[in-house]
file data-v4.txt (compact mmCIF, C-alpha atoms)
# COMPACT_ATOMS: atom_id res chain seq x y z
CA MET L 696 84.31 99.85 150.60
CA LYS L 697 81.15 97.76 150.55
CA SER L 698 81.30 94.53 148.59
CA ILE L 699 79.75 93.91 145.21
CA ASN L 700 77.02 91.32 144.74
CA PRO L 701 78.70 87.98 145.59
CA GLN L 702 76.83 86.29 142.75
CA VAL L 703 78.50 88.65 140.28
CA ALA L 704 81.90 88.00 141.84
CA THR L 705 81.64 84.32 140.84
CA ILE L 706 80.97 85.06 137.15
CA LYS L 707 83.92 84.31 134.88
CA GLU L 708 84.79 85.44 131.38
CA SER L 709 82.81 83.46 128.81
CA ILE L 710 84.76 80.56 127.32
CA PHE L 711 83.71 81.79 123.86
CA SER L 712 85.41 85.15 124.37
CA LYS L 713 88.45 83.47 125.92
CA MET L 714 89.00 80.99 123.09
CA THR L 715 88.39 83.59 120.39
CA ALA L 716 91.02 85.83 122.03
CA LEU L 717 93.48 82.90 122.17
CA ALA L 718 92.80 82.17 118.50
CA ARG L 719 93.80 85.75 117.67
CA VAL L 720 96.98 85.54 119.77
CA HIS L 721 98.09 82.29 118.11
CA GLN L 722 96.71 83.24 114.67
CA ALA L 723 94.65 80.06 114.81
CA ILE L 724 91.61 78.97 112.83
CA ASN L 725 88.64 79.76 115.06
CA LEU L 726 86.36 76.72 115.24
CA SER L 727 85.39 77.64 118.79
CA GLN L 728 82.86 80.47 118.79
CA GLY L 729 79.61 79.79 116.95
CA PHE L 730 79.50 82.38 114.20
CA PRO L 731 79.75 82.03 110.40
CA ASP L 732 82.82 83.50 108.72
CA PHE L 733 80.95 83.79 105.41
CA GLU L 734 78.12 86.00 104.20
CA GLY L 735 74.58 85.33 105.26
CA PRO L 736 71.61 85.88 102.93
CA SER L 737 71.73 89.13 100.99
CA PHE L 738 68.08 89.94 101.69
CA ILE L 739 69.00 90.73 105.31
CA ARG L 740 71.67 93.26 104.34
CA GLU L 741 69.42 94.75 101.68
CA ALA L 742 66.63 95.19 104.22
CA ILE L 743 68.98 96.95 106.65
CA ALA L 744 70.10 99.29 103.85
CA GLU L 745 66.47 100.01 103.04
CA ALA L 746 65.63 100.56 106.72
CA SER L 747 68.48 103.07 107.09
CA LYS L 748 66.66 105.40 104.68
CA ASP L 749 63.58 105.58 106.92
CA HIS L 750 64.11 108.26 109.60
CA ARG L 751 61.46 106.63 111.80
CA LEU L 752 63.66 103.55 112.15
CA GLY L 753 66.43 105.67 113.62
CA GLN L 754 64.41 106.17 116.81
CA TYR L 755 63.40 103.85 119.65
CA ALA L 756 61.36 100.87 118.59
CA PRO L 757 58.26 100.03 120.64
CA MET L 758 59.28 98.21 123.82
CA PRO L 759 57.67 94.82 122.92
CA GLY L 760 59.02 94.93 119.37
CA ASN L 761 58.37 96.37 115.93
CA PRO L 762 54.71 95.59 115.03
CA TYR L 763 55.82 94.34 111.60
CA LEU L 764 58.20 91.85 113.25
CA LEU L 765 55.69 90.77 115.91
CA GLU L 766 53.13 90.09 113.17
CA ASN L 767 55.61 88.07 111.10
CA LEU L 768 56.74 86.08 114.13
CA GLY L 769 53.11 85.21 114.73
CA HIS L 770 52.89 84.01 111.12
CA HIS L 771 56.15 82.07 111.63
CA TYR L 772 54.75 80.03 114.54
CA LYS L 773 51.49 79.44 112.72
CA ASN L 774 53.08 78.41 109.42
CA GLN L 775 55.87 76.29 110.87
CA TYR L 776 54.18 74.67 113.87
CA ASP L 777 50.45 75.47 113.67
CA LEU L 778 50.72 77.48 116.90
CA ASN L 779 48.79 80.67 117.49
CA TYR L 780 50.59 83.58 119.17
CA SER L 781 49.25 87.12 119.22
CA ASP L 782 51.37 90.27 119.40
CA LYS L 783 50.67 90.28 123.17
CA GLU L 784 52.47 86.96 123.49
CA ILE L 785 55.75 87.70 121.68
CA THR L 786 58.57 89.97 122.85
CA VAL L 787 61.58 90.97 120.77
CA THR L 788 64.82 90.78 122.78
CA ASN L 789 68.41 91.81 122.30
CA GLY L 790 69.40 88.35 121.15
CA ALA L 791 68.24 85.11 122.73
CA THR L 792 70.68 85.64 125.62
CA GLU L 793 68.76 88.69 126.84
CA GLY L 794 65.62 86.60 126.52
CA ILE L 795 67.11 83.98 128.84
CA MET L 796 68.09 86.61 131.40
CA VAL L 797 64.79 88.53 131.49
CA THR L 798 62.78 85.30 131.66
CA SER L 799 64.86 84.15 134.62
CA LEU L 800 64.46 87.45 136.46
CA ALA L 801 60.73 87.59 135.72
CA LEU L 802 59.89 84.08 136.93
CA ILE L 803 62.42 83.02 139.56
CA GLU L 804 62.16 83.97 143.24
CA PRO L 805 65.02 83.49 145.73
CA GLY L 806 64.98 79.89 146.95
CA ASP L 807 63.28 78.47 143.85
CA GLU L 808 64.89 75.46 142.23
CA VAL L 809 65.72 75.25 138.52
CA ILE L 810 66.87 72.30 136.42
CA LEU L 811 69.71 72.43 133.90
CA PHE L 812 70.83 69.69 131.55
CA GLU L 813 74.61 69.47 131.36
CA PRO L 814 76.35 70.28 129.12
CA TYR L 815 74.50 73.60 129.14
CA TYR L 816 74.80 76.98 127.44
CA ASP L 817 76.86 78.98 129.91
CA SER L 818 74.36 81.83 130.35
CA TYR L 819 71.77 79.53 131.97
CA PRO L 820 73.42 79.10 135.39
CA VAL L 821 74.44 82.76 135.51
CA ALA L 822 70.89 83.94 134.84
CA ALA L 823 69.44 81.45 137.33
CA GLU L 824 71.82 82.33 140.15
CA LEU L 825 71.51 86.08 139.66
CA ALA L 826 67.76 85.54 140.14
CA GLY L 827 68.44 83.64 143.38
CA ALA L 828 67.73 80.08 142.24
CA LYS L 829 69.19 76.82 143.47
CA ILE L 830 70.41 74.73 140.53
CA LYS L 831 69.74 71.03 140.03
CA ILE L 832 71.77 69.29 137.32
CA VAL L 833 70.80 66.39 135.05
CA THR L 834 73.62 64.94 132.94
CA LEU L 835 73.25 64.05 129.27
CA LYS L 836 75.63 61.11 129.06
CA GLY L 837 77.65 60.28 125.97
CA PRO L 838 78.01 58.88 123.46
CA ASP L 839 74.25 59.27 122.80
CA PHE L 840 73.70 62.18 125.22
CA CYS L 841 70.42 60.94 126.64
CA TRP L 842 69.27 61.67 130.17
CA ASP L 843 68.74 59.00 132.79
CA SER L 844 65.01 58.95 133.58
CA GLU L 845 65.53 58.22 137.27
CA GLU L 846 68.03 61.09 137.61
CA LEU L 847 65.64 63.43 135.80
CA GLU L 848 62.69 62.56 138.00
CA LYS L 849 64.76 62.99 141.19
CA ALA L 850 65.80 66.49 140.06
CA PHE L 851 62.20 67.69 140.27
CA SER L 852 60.59 68.74 143.54
CA SER L 853 57.79 70.94 144.82
CA LYS L 854 60.29 73.84 144.66
CA THR L 855 61.06 73.42 140.94
CA LYS L 856 60.15 76.67 139.20
CA LEU L 857 61.90 76.55 135.83
CA VAL L 858 63.61 74.05 133.52
CA TYR L 859 66.18 75.32 131.01
CA PHE L 860 65.91 73.16 127.91
CA ASN L 861 67.91 73.55 124.69
CA ASN L 862 66.62 71.72 121.61
CA PRO L 863 68.34 71.19 119.16
CA HIS L 864 71.06 70.94 121.76
CA ASN L 865 74.34 72.83 121.90
CA PRO L 866 77.00 71.45 122.30
CA THR L 867 75.99 67.78 121.87
CA GLY L 868 74.11 68.18 118.58
CA ARG L 869 71.16 66.14 119.90
CA VAL L 870 67.61 66.59 118.61
CA PHE L 871 65.33 65.22 121.30
CA THR L 872 62.78 62.57 120.38
CA PRO L 873 58.99 62.79 120.80
CA ALA L 874 59.24 60.22 123.62
CA GLU L 875 61.82 62.33 125.46
CA LEU L 876 59.73 65.49 125.03
CA LYS L 877 56.68 63.65 126.39
CA GLU L 878 58.60 62.39 129.42
CA LEU L 879 59.95 65.87 130.21
CA SER L 880 56.65 67.66 129.65
CA GLU L 881 54.79 65.28 131.96
CA LEU L 882 57.27 65.98 134.76
CA VAL L 883 57.01 69.75 134.20
CA ILE L 884 53.21 69.53 134.44
CA LYS L 885 53.28 67.18 137.43
CA HIS L 886 55.44 69.62 139.41
CA ASP L 887 53.66 72.76 138.14
CA ALA L 888 56.86 74.22 136.69
CA TYR L 889 57.73 76.39 133.70
CA ILE L 890 60.13 75.47 130.91
CA LEU L 891 62.38 77.89 129.05
CA SER L 892 62.79 76.18 125.69
CA ASP L 893 65.82 77.53 123.87
CA GLU L 894 65.13 76.73 120.21
CA VAL L 895 67.61 78.99 118.45
CA TYR L 896 68.74 76.12 116.19
CA GLU L 897 65.17 75.16 115.24
CA PHE L 898 65.96 75.03 111.52
CA LEU L 899 69.34 73.32 111.79
CA THR L 900 68.49 69.62 111.82
CA PHE L 901 69.97 66.90 109.64
CA GLU L 902 69.14 63.53 108.13
CA ASN L 903 65.73 62.38 109.39
CA HIS L 904 65.85 64.34 112.63
CA LYS L 905 63.08 66.89 113.08
CA HIS L 906 62.69 69.63 115.65
CA ILE L 907 59.44 69.53 117.63
CA PRO L 908 58.72 72.54 119.89
CA ILE L 909 57.83 71.29 123.37
CA MET L 910 55.09 73.92 123.55
CA LYS L 911 53.10 71.78 121.08
CA LEU L 912 52.70 68.96 123.60
CA PRO L 913 49.49 68.65 125.66
CA GLY L 914 49.37 71.05 128.59
CA MET L 915 52.59 72.87 127.65
CA ARG L 916 51.31 75.96 125.80
CA GLU L 917 50.65 77.88 129.03
CA ARG L 918 53.88 76.95 130.82
CA THR L 919 56.46 77.17 127.99
CA ILE L 920 58.60 80.20 127.18
CA THR L 921 60.24 79.68 123.78
CA THR L 922 63.21 81.69 122.62
CA GLY L 923 64.37 82.02 119.02
CA SER L 924 67.23 83.78 117.27
CA ALA L 925 67.45 85.65 113.98
CA GLY L 926 71.24 85.59 114.24
CA LYS L 927 71.27 81.79 114.13
CA THR L 928 68.50 81.43 111.55
CA PHE L 929 69.88 84.00 109.12
CA GLY L 930 73.59 83.59 109.76
CA HIS L 931 74.00 87.23 110.87
CA THR L 932 74.88 86.94 114.57
CA GLY L 933 75.54 90.68 114.80
CA LEU L 934 71.82 91.37 114.37
CA LYS L 935 71.30 90.49 118.05
CA VAL L 936 67.59 90.05 117.49
CA GLY L 937 65.92 87.29 119.48
CA TRP L 938 62.39 86.76 120.71
CA LEU L 939 60.30 85.11 123.38
CA ALA L 940 56.94 83.46 122.77
CA ALA L 941 54.80 82.70 125.83
CA SER L 942 51.30 83.02 127.20
CA GLU L 943 50.05 86.55 127.83
CA PRO L 944 50.49 86.53 131.67
CA ILE L 945 54.09 85.29 131.36
CA THR L 946 54.81 87.71 128.53
CA LYS L 947 53.52 90.62 130.59
CA ALA L 948 55.91 89.75 133.44
CA ILE L 949 58.83 89.33 131.04
CA ARG L 950 58.14 92.69 129.40
CA MET L 951 58.24 94.44 132.77
CA VAL L 952 61.86 93.28 133.17
CA HIS L 953 62.75 93.79 129.51
CA GLN L 954 61.66 97.45 129.57
CA PHE L 955 64.18 98.24 132.32
CA ASN L 956 66.95 96.16 130.84
CA VAL L 957 67.37 97.21 127.19
CA PHE L 958 63.88 98.71 126.71
CA SER L 959 63.89 98.04 122.97
CA VAL L 960 65.98 96.44 120.25
CA ASN L 961 67.68 98.04 117.24
CA PRO L 962 64.77 99.06 114.97
CA MET L 963 66.63 98.63 111.69
CA ALA L 964 67.71 95.12 112.64
CA GLN L 965 64.12 94.30 113.62
CA TYR L 966 62.88 95.50 110.25
CA ALA L 967 65.47 93.32 108.50
CA VAL L 968 64.42 90.24 110.49
CA ALA L 969 60.74 90.89 109.76
CA THR L 970 61.59 91.06 106.07
CA GLY L 971 63.76 87.95 106.36
CA LEU L 972 60.92 85.91 107.81
CA GLU L 973 59.02 86.44 104.55
CA HIS L 974 61.81 84.52 102.75
CA VAL L 975 61.81 81.51 105.09
CA GLY L 976 59.94 79.22 102.69
CA THR L 977 62.65 79.37 100.01
CA TYR L 978 65.61 80.15 102.28
CA ILE L 979 65.44 77.37 104.88
CA PRO L 980 65.94 74.40 102.50
CA GLU L 981 69.06 76.11 101.09
CA PHE L 982 70.23 76.95 104.62
CA GLN L 983 69.89 73.34 105.79
CA SER L 984 71.58 71.97 102.68
CA LEU L 985 74.53 74.36 103.03
CA TYR L 986 75.13 73.50 106.68
CA ASN L 987 74.70 69.79 106.05
CA GLN L 988 77.49 69.97 103.48
CA LYS L 989 79.69 71.69 106.08
CA ARG L 990 78.77 69.09 108.70
CA LEU L 991 79.78 66.26 106.39
CA LEU L 992 82.99 68.03 105.34
CA LEU L 993 84.11 68.54 108.93
CA LYS L 994 83.23 64.92 109.75
CA GLU L 995 85.40 63.75 106.84
CA ILE L 996 88.27 65.97 107.97
CA LEU L 997 88.08 64.76 111.56
CA LEU L 998 87.95 61.09 110.54
CA GLU L 999 91.00 61.60 108.32
CA ALA L 1000 92.87 63.07 111.28
CA GLY L 1001 92.09 60.07 113.47
CA PHE L 1002 89.20 61.50 115.49
CA SER L 1003 85.86 59.73 116.02
CA PRO L 1004 83.27 62.55 115.92
CA CYS L 1005 79.88 62.09 117.55
CA GLU L 1006 76.80 62.23 115.37
CA THR L 1007 75.46 65.75 114.88
CA GLN L 1008 71.68 65.62 114.57
CA GLY L 1009 71.23 69.39 114.82
CA THR L 1010 72.99 72.76 115.46
CA TYR L 1011 76.31 73.63 113.81
CA PHE L 1012 78.53 71.96 116.38
CA THR L 1013 80.20 68.57 116.55
CA LEU L 1014 81.46 66.97 119.76
CA VAL L 1015 84.60 64.91 119.36
CA PRO L 1016 85.97 62.49 121.96
CA LEU L 1017 89.61 63.06 122.89
CA PRO L 1018 91.89 60.59 121.08
CA GLN L 1019 93.02 57.68 123.26
CA LYS L 1020 96.64 58.77 122.74
CA ALA L 1021 95.82 62.18 124.26
CA ILE L 1022 94.09 60.54 127.23
CA ASP L 1023 97.09 58.23 127.77
CA LEU L 1024 99.29 61.32 127.90
CA GLY L 1025 97.08 62.74 130.65
CA HIS L 1026 95.27 65.36 128.58
CA THR L 1027 91.91 66.82 129.55
CA ASP L 1028 89.71 68.78 127.18
CA ILE L 1029 91.30 72.04 128.37
CA SER L 1030 94.92 70.94 127.97
CA TYR L 1031 94.20 69.33 124.59
CA CYS L 1032 92.50 72.52 123.38
CA GLU L 1033 95.66 74.39 124.31
CA GLU L 1034 97.69 71.78 122.41
CA LEU L 1035 95.54 72.21 119.30
CA ILE L 1036 95.90 75.99 119.38
CA LYS L 1037 99.67 75.92 119.81
CA LYS L 1038 100.58 73.00 117.55
CA ALA L 1039 97.82 72.85 114.94
CA LYS L 1040 96.69 76.49 115.05
CA ILE L 1041 93.07 75.42 115.57
CA ALA L 1042 90.85 76.82 118.33
CA THR L 1043 88.05 74.64 119.74
CA ILE L 1044 85.92 74.72 122.89
CA PRO L 1045 86.65 72.57 125.96
CA PRO L 1046 83.16 71.39 126.98
CA SER L 1047 83.99 70.77 130.65
CA VAL L 1048 83.09 74.43 131.30
CA PHE L 1049 79.47 73.46 130.52
CA TYR L 1050 79.39 70.86 133.32
CA ARG L 1051 79.06 71.08 137.10
CA LYS L 1052 77.96 67.65 138.26
CA SER L 1053 80.07 65.21 136.26
CA GLN L 1054 83.45 64.94 134.57
CA GLU L 1055 81.88 63.92 131.25
CA GLY L 1056 82.99 67.10 129.52
CA THR L 1057 86.70 66.48 130.08
CA LYS L 1058 86.51 63.70 127.47
CA TYR L 1059 85.39 65.84 124.51
CA LEU L 1060 86.13 68.83 122.28
CA ARG L 1061 83.55 70.99 120.51
CA PHE L 1062 84.14 72.01 116.90
CA CYS L 1063 82.01 74.58 115.04
CA PHE L 1064 81.42 73.92 111.33
CA ALA L 1065 79.65 77.22 110.54
CA LYS L 1066 82.71 78.18 108.53
CA SER L 1067 83.65 78.63 104.89
CA GLU L 1068 84.74 75.62 102.86
CA ASN L 1069 88.15 77.27 102.46
CA LEU L 1070 88.60 77.56 106.24
CA LEU L 1071 87.44 74.01 106.86
CA ASN L 1072 89.90 72.72 104.26
CA LYS L 1073 92.68 74.67 105.99
CA THR L 1074 91.66 72.78 109.12
CA ARG L 1075 92.28 69.54 107.21
CA VAL L 1076 95.84 70.64 106.38
CA TYR L 1077 96.58 71.85 109.91
CA LEU L 1078 95.25 68.71 111.59
CA LYS L 1079 97.22 66.55 109.18
CA SER L 1080 100.42 68.42 110.03
CA MET L 1081 99.80 67.83 113.73
CA LEU L 1082 99.09 64.15 113.06
CA LEU L 1083 102.38 63.74 111.22
CA ALA L 1084 104.41 65.71 113.78
call {"tool": "encode", "arguments": {"input": "data-v4.txt", "output": "structure tokens"}}
result
Amino acid sequence: MKSINPQVATIKESIFSKMTALARVHQAINLSQGFPDFEGPSFIREAIAEASKDHRLGQYAPMPGNPYLLENLGHHYKNQYDLNYSDKEITVTNGATEGIMVTSLALIEPGDEVILFEPYYDSYPVAAELAGAKIKIVTLKGPDFCWDSEELEKAFSSKTKLVYFNNPHNPTGRVFTPAELKELSELVIKHDAYILSDEVYEFLTFENHKHIPIMKLPGMRERTITTGSAGKTFGHTGLKVGWLAASEPITKAIRMVHQFNVFSVNPMAQYAVATGLEHVGTYIPEFQSLYNQKRLLLKEILLEAGFSPCETQGTYFTLVPLPQKAIDLGHTDISYCEELIKKAKIATIPPSVFYRKSQEGTKYLRFCFAKSENLLNKTRVYLKSMLLA
């Protein structure tokens, strides 16, 4: 028989699926996969119930997205960031992950180079390589997870087509500074590249850290593709409603791929998200306060158990260096994750799967704090039992 695409043959099961499955097997607390185990805002569920009564929303939605949602997304970018996007510049996707894939297929040609910051979201390299790109890696080095300017500049070349950029950043929890955004944007412009700015955690920032969309910087409006996520913003990951905002020529290319991928996204979910965006003004402060409380609770729990968690500036993840005792025993992130699942009944993510160039990831674990207070307090008990064992 003829072979399958060799690029597909290299794709492995997502670490998120793998760790969630292991959590089930060991009946462990799942602090690995990034989804809340508590109810999101009721207005989303109420809007879905309302939408289910409208027979028109039981049929295909328009390929670019529900006009109501496109209009409200336009208002969102204007109200939040003073950016103007028309309905010809926004496309509703089946989650942000589909947005990443269709953008990659629409823009990348075989032989193009793309830049990834490691640690990266694991769909980036898959999307890039399926499109035929050559990947260049820039490492965000702990404990501050900043890039080295010389390494970043060397990663660019005349062949650079696309930069994958996640801000606020999963899994490090970094929110990039205005100076960093300026440095990156100037290199993108200098080398006439595009940037796919993954901003699904745009509202999850803490303390004095503030998210700034890179598309706001001079010269970046026409070369930035921004992706957002209703699942992350409204705590309902099952919605699988994402979107892409880009200039009209880029959007047109993306839509040509999108129409032959999923064509359109669940119309009832789109209606619910459109309705949800009308609540953002009152909802977001409560959302940030709730997740900040969870961030601080997990930090307290980890410190009690002898860990030294990194600062989380944004997202709902915390990176934690492996304890020195574990390193002395020869543990890597993967073996220590296995230890936590078996002995403490806690599932985390080994970040080394998000690295290609360096071994930085073997020194950390990733914990998700988008969990109920009850579950996080169970984590306290379980970690304490492991500490005393």
call {"tool": "closest_residue", "arguments": {"input": "data-v4.txt", "among": "L:Asn767, L:Thr1027, L:Thr1007, L:Thr855", "to": "Pro805 (chain L)", "atoms": "only C-alpha atoms"}}
result
L:Thr855
call {"tool": "closest_residue", "arguments": {"input": "data-v4.txt", "among": "L:Val870, L:Leu835, L:Ala823, L:Ile699", "to": "Tyr896 (chain L)", "atoms": "all atoms listed in the file"}}
result
L:Val870
call {"tool": "atom_distance", "arguments": {"input": "data-v4.txt", "atom1": "CA of Leu1035 (chain L)", "atom2": "CA of Tyr1059 (chain L)"}}
result
13.1 Å
call {"tool": "residues_near_point", "arguments": {"input": "data-v4.txt", "point": "(78.9, 70.1, 133.5)", "cutoff": "9 Å", "atoms": "all atoms listed in the file", "output": "PyMOL selection string"}}
result
chain L and resi 812-815+832+834+1046-1056
call {"tool": "write_last_selection", "arguments": {"input": "data-v4.txt", "atoms": "C-alpha atoms", "output": "PDB file, keeping the file's coordinate frame"}}
result
ATOM      1  CA  PHE L 812      70.830  69.690 131.550  1.00  0.00           C
ATOM      2  CA  GLU L 813      74.610  69.470 131.360  1.00  0.00           C
ATOM      3  CA  PRO L 814      76.350  70.280 129.120  1.00  0.00           C
ATOM      4  CA  TYR L 815      74.500  73.600 129.140  1.00  0.00           C
ATOM      5  CA  ILE L 832      71.770  69.290 137.320  1.00  0.00           C
ATOM      6  CA  THR L 834      73.620  64.940 132.940  1.00  0.00           C
ATOM      7  CA  PRO L1046      83.160  71.390 126.980  1.00  0.00           C
ATOM      8  CA  SER L1047      83.990  70.770 130.650  1.00  0.00           C
ATOM      9  CA  VAL L1048      83.090  74.430 131.300  1.00  0.00           C
ATOM     10  CA  PHE L1049      79.470  73.460 130.520  1.00  0.00           C
ATOM     11  CA  TYR L1050      79.390  70.860 133.320  1.00  0.00           C
ATOM     12  CA  ARG L1051      79.060  71.080 137.100  1.00  0.00           C
ATOM     13  CA  LYS L1052      77.960  67.650 138.260  1.00  0.00           C
ATOM     14  CA  SER L1053      80.070  65.210 136.260  1.00  0.00           C
ATOM     15  CA  GLN L1054      83.450  64.940 134.570  1.00  0.00           C
ATOM     16  CA  GLU L1055      81.880  63.920 131.250  1.00  0.00           C
ATOM     17  CA  GLY L1056      82.990  67.100 129.520  1.00  0.00           C
TER      18      GLY L1056
END
call {"tool": "closest_residue", "arguments": {"input": "data-v4.txt", "among": "L:Ala925, L:Ile1029, L:Leu1078, L:Ala791", "to": "Val975 (chain L)", "atoms": "all atoms listed in the file"}}
result
L:Ala925
call {"tool": "atom_distance", "arguments": {"input": "data-v4.txt", "atom1": "CA of Trp842 (chain L)", "atom2": "CA of Phe871 (chain L)"}}
result
10.3 Å
call {"tool": "decode", "arguments": {"input": "data-v4.txt", "residues": "region 978-990 of chain L", "atoms": "C-alpha atoms", "output": "CSV table (one decimal), in the first residue's frame"}}
result
chain,number,residue,atom,x,y,z
L,978,TYR,CA,-18.2,40.2,33.6
L,979,ILE,CA,-14.5,40.6,33.0
L,980,PRO,CA,-13.6,42.3,36.4
L,981,GLU,CA,-15.4,39.4,38.2
L,982,PHE,CA,-13.6,36.9,35.9
L,983,GLN,CA,-10.2,38.4,36.7
L,984,SER,CA,-10.9,38.6,40.4
L,985,LEU,CA,-12.0,34.9,40.5
L,986,TYR,CA,-9.0,33.6,38.7
L,987,ASN,CA,-6.6,35.8,40.7
L,988,GLN,CA,-8.0,34.2,43.9
L,989,LYS,CA,-7.3,30.7,42.4
L,990,ARG,CA,-3.8,31.8,41.3
